[in-house]
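Down below is the structure, laid out as structure tokens.
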Amino acid sequence: MRTEAPATPLVLVARSIRPSSTTVHAWLLLLPAMTLLALFTHWPALATFIDSFFSTPRPKRGATFVGLENYRQIIDDPIFWQALTNNLLFAIGTIPVSIGLALLMAVWVNDRIAGRTLVRMAYFTPTVLPMIAVANIWLFFYTPQYGLLAQLLSAFGGASYNWLGSKDTALLCVTIVAVWKEAGFFMIFYLAALQQIAPSLGEAAVLEGASRWYFFRRVQFPLLMPTTLFVLVNAVINAFRTVDHIIVMTRGGPDNATSLLLFRIYELGFAFWDTSAAAALTMVLLTGLGAIALAQYIFLERRIHYR
Amino acid sequence: MERRAFLQGTAAAGALLAAPAIAQSSTEISFYYPVAVGGPITKLIDTYAGEFEKDNPSIKVKPIYAGTYQETIVKALTAHKSGNPPTTSVLLSTDMFTLIDEEAVTPIDDFIKTDDDKAWLKSFFPAFMLNSQTSGKTWGVPFQRSTIVLYWNKELFKQAGLDPDVPPATWAEQVTFAQKLTKLDQSKGASQWGIQVPSSGFPYWLFQGFATQAGTVLMNEEGNRTFYDRAEVVEALTYWVDLSRKHKVHPTGIVEWGTTPKDFFEKQAAMIWTTTGNLTNVRNNAKFPFGVAMLPAGKRRGSPTGGGNFYISRKAPAAQQEAAFKFMRWMTSPERAAQWCVDTGYVAVRPDAFDTPALKKYVTDFPAAAVARDQLQYAVAELSTHENQRVTKALNDGLQAALTGTKSPEQAMKESQAEAERILTRYR
């Protein structure tokens, strides 16, 4: 023991004097990305956090420390609660449906069907289009009287309905647009994952006489779980960050029926110039999203089978 | 020694080269502008800037297209807060109080020195100055301004047994005409609406038409008090709501602003309310004879004005401010105002523009272009207050709640007023 003791400090000294060139390389390689991240993500997030405890600076009176006042105002703001409810409904509407559809489409176009490339491309097209363009297309679909939906309905004898102009249906309408836009994107990930599954597994299943559904449930789906987690995290984030189509289609209306949290932040920050309120709401959203992402990794990680 | 001499020589040469530029005192000004109507606006602005530079060789204008009105004010105010604002911008006339509160703009009065300047400031339509002046000072110069007018389809009027050349002149006529023009089908709902007034995005603007006609204003001149819950305001809203709920001559729910002209082209709506800025659009796309009329009268006629003003940045250096002032004077000269009106459909901002040959010819060929001008005598200031967008949103939410049937007009307006009151108390 005694003879071995000096050995450890020696190694430590040697390390601290001459860091291995690998470490230096690693840091150098990380540096550009780190700088950008720190400059455009970490610092703004920190600044927002600090700003959320100060009042909005005005020319006549600068920012003063107000503690939790901005957060208290958020709690008192009925439009915040409406936006939060809307956003939760929007998330519940988009996440399972777009993931389910993506999985279905991926399994479908993974098989050897006629015109497979064409179908894959068709499913992927909405992803390529910018959201602004998508929103404008759907704006036409939903137009009462001569819009696509109205024409289809009237062909079957239905009455024209003001889909985006009614408080009952506006949120559902913008949810459908988001699903349409997103499902194709998630499909690509599932498709890539499906191609990674060894064909021998499928052949074995056929030999064993397993049904198609059984094979999907017991072999394909478990093997796709890492992809599902990745897609799920993305879907959740998207549900709270997609607002382009809201701005184009409804501007949060009618009477805040389609106001989502990020849209509300934009409104507070850049329409009302109440930057402190916007900062506080941003922190609320960031914390919420961070908590959800963490929970997803902690709870789902255990159930995932990595190869 | 040699080296120092060389350096001195270069410096001297540099000074010589720079000298002519200093003598000319070349000033560069940046100019943010939005595009809110169809047509090749950016090309027009670039052309105007080029012509201005030809007339004023010592000034360079850098026009920067900045998006919609909302995007333009976001960019201008953000630049202002970072300390490097555009010298001049075209922003909504209604954002005047916001810009004053942010200390982002400087009064135009500071640049009015000669009698000629004074005459120029007085040359605008008084209606357009309402949203440009407060507390005895002028903060904006009218540039791309509009009002609301009624467009009607003459063909559908004839089919309904109405005189195709007579638009409704009163609220009562507006309802009876619309009733004749509405084609209701029991199973499918309406295939043709009598009248359509858009209510998405900024319903307050169109509602201000109704409110003015009902004989009230929505805010005071100081911009620190609103009157959303006055009886006349509720009466105006009830009239609008009744068009769809009681008379069933107007689509239910929120009517999209953007598709309203298209509804008119598709003959889904026989009469529409929209901006004069759509004049060129309607003229190019309506496949039937149409008319343009002043909005019908309730107790009186009335429409708010709308659109954008020139502002001068407070933080810009004095020389640039002077140059920007010269630029906006040039842009609002009678000839230029007339040209802008013909090119875009915006109302020329001064009466004498209508005496120029270009605009005279335009109005003779297309008499509808004069309707907006004639309506200006009944026009009122557009809703504008401190914390404008927030106070306006309080009204927008109430209007949409009433139009979608979630709240009664009385209740909706009471709540809107309470919210506006909460925001504005600190400005009194």
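Residue numbering restarts at 1 for every chain of the structure tokens, chains are lettered A, B, ... in their displayed order, and ligands are numbered from 1 as they appear.
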Considering only C-alpha atoms, extract the chain B residues located within 6 Å of chain A and return them as a list of chain:residue names. B:Glu102, B:Lys188, B:Gly189, B:Gly253, B:Ile254, B:Gln389, B:Arg390, B:Asp397, B:Gln400, B:Ala401
Write out as a PyMOL selection string all residues of stretch 145-322 of chain B that backbone DSSP assigns to strand (DSSP E). chain B and resi 145-153+183-185+189-196+269-275+290-293+303-312
Filtering to C-alpha atoms, could you give me those residues as a compact mmCIF listing (two decimals), in the first residue's frame?
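Result file selection-v7.txt:
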# COMPACT_ATOMS: atom_id res chain seq x y z
CA ARG B 145 -54.14 55.88 -46.54
CA SER B 146 -57.51 54.28 -47.12
CA THR B 147 -61.11 54.10 -45.92
CA ILE B 148 -63.82 51.45 -45.99
CA VAL B 149 -66.26 51.45 -48.92
CA LEU B 150 -69.12 49.24 -50.08
CA TYR B 151 -68.70 47.29 -53.32
CA TRP B 152 -71.85 45.97 -54.97
CA ASN B 153 -72.51 43.53 -57.82
CA LYS B 183 -80.63 33.16 -51.79
CA LEU B 184 -81.44 30.70 -49.05
CA ASP B 185 -81.74 26.99 -49.63
CA GLY B 189 -77.95 27.03 -46.40
CA ALA B 190 -77.26 30.16 -48.39
CA SER B 191 -75.84 29.98 -51.88
CA GLN B 192 -75.62 33.75 -52.07
CA TRP B 193 -75.35 36.23 -49.20
CA GLY B 194 -76.82 39.71 -49.43
CA ILE B 195 -73.99 41.38 -47.57
CA GLN B 196 -70.64 40.46 -46.06
CA ALA B 269 -71.73 37.87 -51.64
CA ALA B 270 -73.66 40.56 -53.47
CA MET B 271 -72.36 43.47 -51.35
CA ILE B 272 -69.11 43.60 -49.39
CA TRP B 273 -67.37 46.09 -47.13
CA THR B 274 -63.64 46.32 -47.63
CA THR B 275 -60.80 48.80 -48.02
CA PHE B 290 -69.74 46.53 -60.04
CA GLY B 291 -70.25 49.76 -58.13
CA VAL B 292 -68.40 51.43 -55.28
CA ALA B 293 -70.36 53.42 -52.72
CA SER B 303 -66.00 55.36 -41.88
CA PRO B 304 -62.67 55.27 -40.12
CA THR B 305 -59.54 56.04 -42.09
CA GLY B 306 -56.77 53.48 -42.17
CA GLY B 307 -53.28 52.87 -43.47
CA GLY B 308 -49.77 54.16 -42.96
CA ASN B 309 -47.92 57.39 -42.17
CA PHE B 310 -44.31 58.49 -42.56
CA TYR B 311 -42.47 58.81 -39.23
CA ILE B 312 -39.01 60.24 -38.54
Residues near A:Leu260, anyone? I mean within 12 Å using only C-alpha atoms, not counting same-chain ones fewer than 5 positions away, as a ChimeraX atom specification. /A:79-91,171,174-175,238-247,250-253,265-267,281,285
Requested write-out: C-alpha atoms of the selected residues, as a PDB file, in the first residue's frame:
ATOM      1  CA  ILE A  79     -56.209  34.448 -22.136  1.00  0.00           C
ATOM      2  CA  PHE A  80     -53.162  32.569 -20.796  1.00  0.00           C
ATOM      3  CA  TRP A  81     -55.406  29.836 -19.397  1.00  0.00           C
ATOM      4  CA  GLN A  82     -57.332  29.693 -22.640  1.00  0.00           C
ATOM      5  CA  ALA A  83     -54.088  29.472 -24.652  1.00  0.00           C
ATOM      6  CA  LEU A  84     -52.803  26.745 -22.328  1.00  0.00           C
ATOM      7  CA  THR A  85     -56.024  24.732 -22.663  1.00  0.00           C
ATOM      8  CA  ASN A  86     -55.980  25.234 -26.423  1.00  0.00           C
ATOM      9  CA  ASN A  87     -52.359  24.130 -26.577  1.00  0.00           C
ATOM     10  CA  LEU A  88     -53.005  20.985 -24.532  1.00  0.00           C
ATOM     11  CA  LEU A  89     -55.939  20.090 -26.773  1.00  0.00           C
ATOM     12  CA  PHE A  90     -53.771  20.833 -29.802  1.00  0.00           C
ATOM     13  CA  ALA A  91     -51.059  18.528 -28.417  1.00  0.00           C
ATOM     14  CA  LEU A 171     -59.069  24.663 -33.128  1.00  0.00           C
ATOM     15  CA  VAL A 174     -55.745  24.022 -37.268  1.00  0.00           C
ATOM     16  CA  THR A 175     -54.986  20.709 -35.505  1.00  0.00           C
ATOM     17  CA  ASN A 238     -43.640  20.697 -32.347  1.00  0.00           C
ATOM     18  CA  ALA A 239     -47.018  20.812 -30.652  1.00  0.00           C
ATOM     19  CA  PHE A 240     -45.757  23.759 -28.633  1.00  0.00           C
ATOM     20  CA  ARG A 241     -43.724  25.491 -31.261  1.00  0.00           C
ATOM     21  CA  THR A 242     -45.789  25.376 -34.461  1.00  0.00           C
ATOM     22  CA  VAL A 243     -47.640  28.664 -34.833  1.00  0.00           C
ATOM     23  CA  ASP A 244     -47.005  29.721 -38.441  1.00  0.00           C
ATOM     24  CA  HIS A 245     -50.353  28.390 -39.588  1.00  0.00           C
ATOM     25  CA  ILE A 246     -52.143  30.116 -36.704  1.00  0.00           C
ATOM     26  CA  ILE A 247     -50.797  33.468 -37.867  1.00  0.00           C
ATOM     27  CA  THR A 250     -56.826  32.690 -37.703  1.00  0.00           C
ATOM     28  CA  ARG A 251     -54.432  35.066 -35.882  1.00  0.00           C
ATOM     29  CA  GLY A 252     -55.525  33.348 -32.698  1.00  0.00           C
ATOM     30  CA  GLY A 253     -59.207  34.065 -33.312  1.00  0.00           C
ATOM     31  CA  ILE A 265     -45.827  35.011 -26.341  1.00  0.00           C
ATOM     32  CA  TYR A 266     -45.395  36.648 -29.742  1.00  0.00           C
ATOM     33  CA  GLU A 267     -48.470  38.775 -29.128  1.00  0.00           C
ATOM     34  CA  LEU A 281     -44.425  33.218 -20.282  1.00  0.00           C
ATOM     35  CA  LEU A 285     -43.222  27.230 -21.633  1.00  0.00           C
TER      36      LEU A 285
END
What's around B:Val241 at 6 Å? Count only C-alpha atoms, leave out sequence neighbours fewer than 3 positions away in its own chain, and write the answer as a VMD selection string. chain B and resid 238 244 403
Expected file contents, prior selection, N, CA and C atoms, as a PDB file, in the first residue's frame:
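Result file part.pdb:
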ATOM      1  N   THR B 238     -75.127  45.297 -32.236  1.00  0.00           N
ATOM      2  CA  THR B 238     -76.360  44.536 -32.386  1.00  0.00           C
ATOM      3  C   THR B 238     -76.803  44.520 -33.848  1.00  0.00           C
ATOM      4  N   SER B 244     -76.653  38.638 -39.456  1.00  0.00           N
ATOM      5  CA  SER B 244     -76.566  37.194 -39.662  1.00  0.00           C
ATOM      6  C   SER B 244     -77.577  36.439 -38.812  1.00  0.00           C
ATOM      7  N   LEU B 403     -70.061  38.102 -32.375  1.00  0.00           N
ATOM      8  CA  LEU B 403     -70.375  37.639 -33.723  1.00  0.00           C
ATOM      9  C   LEU B 403     -70.475  36.120 -33.798  1.00  0.00           C
TER      10      LEU B 403
END
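Considering the residues B:Phe325, B:Phe157, B:Tyr69, B:Phe288 and counting only C-alpha atoms, B:Leu121 has its shortest atom-to-atom contact with B:Phe325.
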Atom CA of B:Val380 and atom CA of B:Met413 are how many Å apart? 20.6 Å
Run DSSP on the backbone of this structure and report the residues of stretch 63-173 of chain B it assigns to helix (DSSP H, G or I), as a PDB file with N, CA and C atoms, in the first residue's frame.
ATOM      1  N   TYR B  69     -47.313  45.378 -42.065  1.00  0.00           N
ATOM      2  CA  TYR B  69     -47.252  46.486 -41.108  1.00  0.00           C
ATOM      3  C   TYR B  69     -46.696  46.008 -39.779  1.00  0.00           C
ATOM      4  N   GLN B  70     -47.224  44.845 -39.323  1.00  0.00           N
ATOM      5  CA  GLN B  70     -46.811  44.307 -38.026  1.00  0.00           C
ATOM      6  C   GLN B  70     -45.322  43.995 -38.030  1.00  0.00           C
ATOM      7  N   GLU B  71     -44.836  43.356 -39.091  1.00  0.00           N
ATOM      8  CA  GLU B  71     -43.411  43.018 -39.158  1.00  0.00           C
ATOM      9  C   GLU B  71     -42.559  44.278 -39.231  1.00  0.00           C
ATOM     10  N   THR B  72     -43.067  45.297 -39.922  1.00  0.00           N
ATOM     11  CA  THR B  72     -42.287  46.522 -40.082  1.00  0.00           C
ATOM     12  C   THR B  72     -42.114  47.238 -38.746  1.00  0.00           C
ATOM     13  N   ILE B  73     -43.204  47.312 -37.962  1.00  0.00           N
ATOM     14  CA  ILE B  73     -43.048  48.011 -36.681  1.00  0.00           C
ATOM     15  C   ILE B  73     -42.167  47.195 -35.735  1.00  0.00           C
ATOM     16  N   VAL B  74     -42.258  45.862 -35.813  1.00  0.00           N
ATOM     17  CA  VAL B  74     -41.380  45.030 -34.982  1.00  0.00           C
ATOM     18  C   VAL B  74     -39.924  45.320 -35.320  1.00  0.00           C
ATOM     19  N   LYS B  75     -39.616  45.368 -36.637  1.00  0.00           N
ATOM     20  CA  LYS B  75     -38.229  45.623 -37.048  1.00  0.00           C
ATOM     21  C   LYS B  75     -37.798  47.038 -36.662  1.00  0.00           C
ATOM     22  N   ALA B  76     -38.673  48.016 -36.910  1.00  0.00           N
ATOM     23  CA  ALA B  76     -38.300  49.402 -36.634  1.00  0.00           C
ATOM     24  C   ALA B  76     -38.078  49.625 -35.134  1.00  0.00           C
ATOM     25  N   LEU B  77     -38.991  49.079 -34.309  1.00  0.00           N
ATOM     26  CA  LEU B  77     -38.854  49.299 -32.864  1.00  0.00           C
ATOM     27  C   LEU B  77     -37.676  48.513 -32.278  1.00  0.00           C
ATOM     28  N   THR B  78     -37.438  47.308 -32.798  1.00  0.00           N
ATOM     29  CA  THR B  78     -36.293  46.541 -32.322  1.00  0.00           C
ATOM     30  C   THR B  78     -35.004  47.272 -32.669  1.00  0.00           C
ATOM     31  N   ALA B  79     -34.934  47.793 -33.906  1.00  0.00           N
ATOM     32  CA  ALA B  79     -33.754  48.558 -34.318  1.00  0.00           C
ATOM     33  C   ALA B  79     -33.605  49.795 -33.445  1.00  0.00           C
ATOM     34  N   HIS B  80     -34.725  50.424 -33.104  1.00  0.00           N
ATOM     35  CA  HIS B  80     -34.697  51.605 -32.245  1.00  0.00           C
ATOM     36  C   HIS B  80     -34.125  51.250 -30.878  1.00  0.00           C
ATOM     37  N   LYS B  81     -34.567  50.103 -30.341  1.00  0.00           N
ATOM     38  CA  LYS B  81     -34.095  49.710 -29.016  1.00  0.00           C
ATOM     39  C   LYS B  81     -32.627  49.330 -29.029  1.00  0.00           C
ATOM     40  N   SER B  93     -50.766  54.489 -38.927  1.00  0.00           N
ATOM     41  CA  SER B  93     -51.036  55.770 -38.282  1.00  0.00           C
ATOM     42  C   SER B  93     -51.490  55.546 -36.843  1.00  0.00           C
ATOM     43  N   THR B  94     -52.131  54.388 -36.600  1.00  0.00           N
ATOM     44  CA  THR B  94     -52.664  54.110 -35.258  1.00  0.00           C
ATOM     45  C   THR B  94     -51.579  53.766 -34.246  1.00  0.00           C
ATOM     46  N   ASP B  95     -50.370  53.481 -34.714  1.00  0.00           N
ATOM     47  CA  ASP B  95     -49.300  53.168 -33.775  1.00  0.00           C
ATOM     48  C   ASP B  95     -48.625  54.433 -33.242  1.00  0.00           C
ATOM     49  N   MET B  96     -49.216  55.585 -33.546  1.00  0.00           N
ATOM     50  CA  MET B  96     -48.642  56.865 -33.120  1.00  0.00           C
ATOM     51  C   MET B  96     -48.344  56.910 -31.618  1.00  0.00           C
ATOM     52  N   PHE B  97     -49.346  56.557 -30.793  1.00  0.00           N
ATOM     53  CA  PHE B  97     -49.147  56.655 -29.341  1.00  0.00           C
ATOM     54  C   PHE B  97     -48.049  55.695 -28.869  1.00  0.00           C
ATOM     55  N   THR B  98     -48.054  54.494 -29.431  1.00  0.00           N
ATOM     56  CA  THR B  98     -47.020  53.526 -29.079  1.00  0.00           C
ATOM     57  C   THR B  98     -45.638  54.088 -29.395  1.00  0.00           C
ATOM     58  N   LEU B  99     -45.504  54.685 -30.571  1.00  0.00           N
ATOM     59  CA  LEU B  99     -44.207  55.222 -30.986  1.00  0.00           C
ATOM     60  C   LEU B  99     -43.795  56.403 -30.113  1.00  0.00           C
ATOM     61  N   ILE B 100     -44.774  57.216 -29.706  1.00  0.00           N
ATOM     62  CA  ILE B 100     -44.463  58.340 -28.819  1.00  0.00           C
ATOM     63  C   ILE B 100     -44.015  57.804 -27.457  1.00  0.00           C
ATOM     64  N   ASP B 101     -44.760  56.826 -26.925  1.00  0.00           N
ATOM     65  CA  ASP B 101     -44.429  56.275 -25.609  1.00  0.00           C
ATOM     66  C   ASP B 101     -43.054  55.620 -25.595  1.00  0.00           C
ATOM     67  N   ILE B 108     -42.963  66.198 -36.407  1.00  0.00           N
ATOM     68  CA  ILE B 108     -42.688  66.788 -37.721  1.00  0.00           C
ATOM     69  C   ILE B 108     -42.531  68.309 -37.589  1.00  0.00           C
ATOM     70  N   ASP B 109     -43.201  68.889 -36.580  1.00  0.00           N
ATOM     71  CA  ASP B 109     -43.188  70.355 -36.401  1.00  0.00           C
ATOM     72  C   ASP B 109     -41.764  70.911 -36.323  1.00  0.00           C
ATOM     73  N   ASP B 110     -40.818  70.098 -35.808  1.00  0.00           N
ATOM     74  CA  ASP B 110     -39.443  70.565 -35.667  1.00  0.00           C
ATOM     75  C   ASP B 110     -38.813  70.945 -37.000  1.00  0.00           C
ATOM     76  N   PHE B 111     -39.363  70.415 -38.082  1.00  0.00           N
ATOM     77  CA  PHE B 111     -38.750  70.661 -39.389  1.00  0.00           C
ATOM     78  C   PHE B 111     -39.500  71.718 -40.194  1.00  0.00           C
ATOM     79  N   ASP B 115     -42.697  79.339 -44.715  1.00  0.00           N
ATOM     80  CA  ASP B 115     -44.136  79.390 -44.984  1.00  0.00           C
ATOM     81  C   ASP B 115     -44.546  78.260 -45.920  1.00  0.00           C
ATOM     82  N   ASP B 116     -43.616  77.948 -46.816  1.00  0.00           N
ATOM     83  CA  ASP B 116     -43.860  76.862 -47.759  1.00  0.00           C
ATOM     84  C   ASP B 116     -44.078  75.551 -46.997  1.00  0.00           C
ATOM     85  N   ASP B 117     -43.258  75.316 -45.988  1.00  0.00           N
ATOM     86  CA  ASP B 117     -43.401  74.121 -45.156  1.00  0.00           C
ATOM     87  C   ASP B 117     -44.769  74.101 -44.474  1.00  0.00           C
ATOM     88  N   LYS B 118     -45.141  75.276 -43.959  1.00  0.00           N
ATOM     89  CA  LYS B 118     -46.420  75.369 -43.239  1.00  0.00           C
ATOM     90  C   LYS B 118     -47.586  75.053 -44.162  1.00  0.00           C
ATOM     91  N   ALA B 119     -47.506  75.611 -45.386  1.00  0.00           N
ATOM     92  CA  ALA B 119     -48.570  75.371 -46.365  1.00  0.00           C
ATOM     93  C   ALA B 119     -48.658  73.882 -46.691  1.00  0.00           C
ATOM     94  N   TRP B 120     -47.480  73.245 -46.785  1.00  0.00           N
ATOM     95  CA  TRP B 120     -47.453  71.806 -47.105  1.00  0.00           C
ATOM     96  C   TRP B 120     -48.142  70.987 -46.012  1.00  0.00           C
ATOM     97  N   LEU B 121     -47.872  71.337 -44.759  1.00  0.00           N
ATOM     98  CA  LEU B 121     -48.456  70.579 -43.653  1.00  0.00           C
ATOM     99  C   LEU B 121     -49.976  70.730 -43.615  1.00  0.00           C
ATOM    100  N   PRO B 126     -58.071  66.850 -43.946  1.00  0.00           N
ATOM    101  CA  PRO B 126     -58.109  66.913 -42.481  1.00  0.00           C
ATOM    102  C   PRO B 126     -58.361  65.534 -41.847  1.00  0.00           C
ATOM    103  N   ALA B 127     -59.174  64.706 -42.514  1.00  0.00           N
ATOM    104  CA  ALA B 127     -59.490  63.386 -41.950  1.00  0.00           C
ATOM    105  C   ALA B 127     -58.227  62.560 -41.738  1.00  0.00           C
ATOM    106  N   PHE B 128     -57.249  62.723 -42.627  1.00  0.00           N
ATOM    107  CA  PHE B 128     -56.023  61.939 -42.502  1.00  0.00           C
ATOM    108  C   PHE B 128     -55.103  62.469 -41.413  1.00  0.00           C
ATOM    109  N   MET B 129     -55.306  63.737 -41.014  1.00  0.00           N
ATOM    110  CA  MET B 129     -54.450  64.300 -39.975  1.00  0.00           C
ATOM    111  C   MET B 129     -54.906  63.879 -38.577  1.00  0.00           C
ATOM    112  N   LYS B 154     -73.609  44.708 -59.657  1.00  0.00           N
ATOM    113  CA  LYS B 154     -74.762  45.256 -60.381  1.00  0.00           C
ATOM    114  C   LYS B 154     -75.600  44.158 -61.035  1.00  0.00           C
ATOM    115  N   GLU B 155     -74.930  43.100 -61.473  1.00  0.00           N
ATOM    116  CA  GLU B 155     -75.638  41.998 -62.117  1.00  0.00           C
ATOM    117  C   GLU B 155     -76.625  41.341 -61.138  1.00  0.00           C
ATOM    118  N   LEU B 156     -76.145  41.071 -59.922  1.00  0.00           N
ATOM    119  CA  LEU B 156     -77.004  40.435 -58.917  1.00  0.00           C
ATOM    120  C   LEU B 156     -78.120  41.387 -58.476  1.00  0.00           C
ATOM    121  N   PHE B 157     -77.840  42.687 -58.455  1.00  0.00           N
ATOM    122  CA  PHE B 157     -78.872  43.664 -58.126  1.00  0.00           C
ATOM    123  C   PHE B 157     -80.014  43.562 -59.135  1.00  0.00           C
ATOM    124  N   LYS B 158     -79.650  43.480 -60.417  1.00  0.00           N
ATOM    125  CA  LYS B 158     -80.651  43.404 -61.477  1.00  0.00           C
ATOM    126  C   LYS B 158     -81.484  42.132 -61.313  1.00  0.00           C
ATOM    127  N   GLN B 159     -80.803  41.005 -61.070  1.00  0.00           N
ATOM    128  CA  GLN B 159     -81.502  39.725 -60.894  1.00  0.00           C
ATOM    129  C   GLN B 159     -82.492  39.783 -59.744  1.00  0.00           C
ATOM    130  N   TRP B 171     -79.039  52.288 -43.144  1.00  0.00           N
ATOM    131  CA  TRP B 171     -78.981  50.973 -42.500  1.00  0.00           C
ATOM    132  C   TRP B 171     -80.206  50.136 -42.878  1.00  0.00           C
ATOM    133  N   ALA B 172     -81.385  50.776 -42.886  1.00  0.00           N
ATOM    134  CA  ALA B 172     -82.614  50.046 -43.200  1.00  0.00           C
ATOM    135  C   ALA B 172     -82.553  49.510 -44.630  1.00  0.00           C
ATOM    136  N   GLU B 173     -82.122  50.366 -45.563  1.00  0.00           N
ATOM    137  CA  GLU B 173     -82.008  49.922 -46.955  1.00  0.00           C
ATOM    138  C   GLU B 173     -81.005  48.791 -47.091  1.00  0.00           C
TER     139      GLU B 173
END
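When atom CA of A:Ile50 is paired with atom CA of B:His386, their separation reads 26.9 Å.
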Do a neighbour search on stretch 280-287 of chain B at 8 Å with only C-alpha atoms, toss out local chain neighbours closer than 5 positions, and write the hits as a list in words. Gly38, Pro261, Phe264, Phe265, Thr344 and Gly345 of chain B
Report, in Å to a single decimal, how far apart atom CA of A:Met225 and atom CA of A:Glu301 are. 9.3 Å
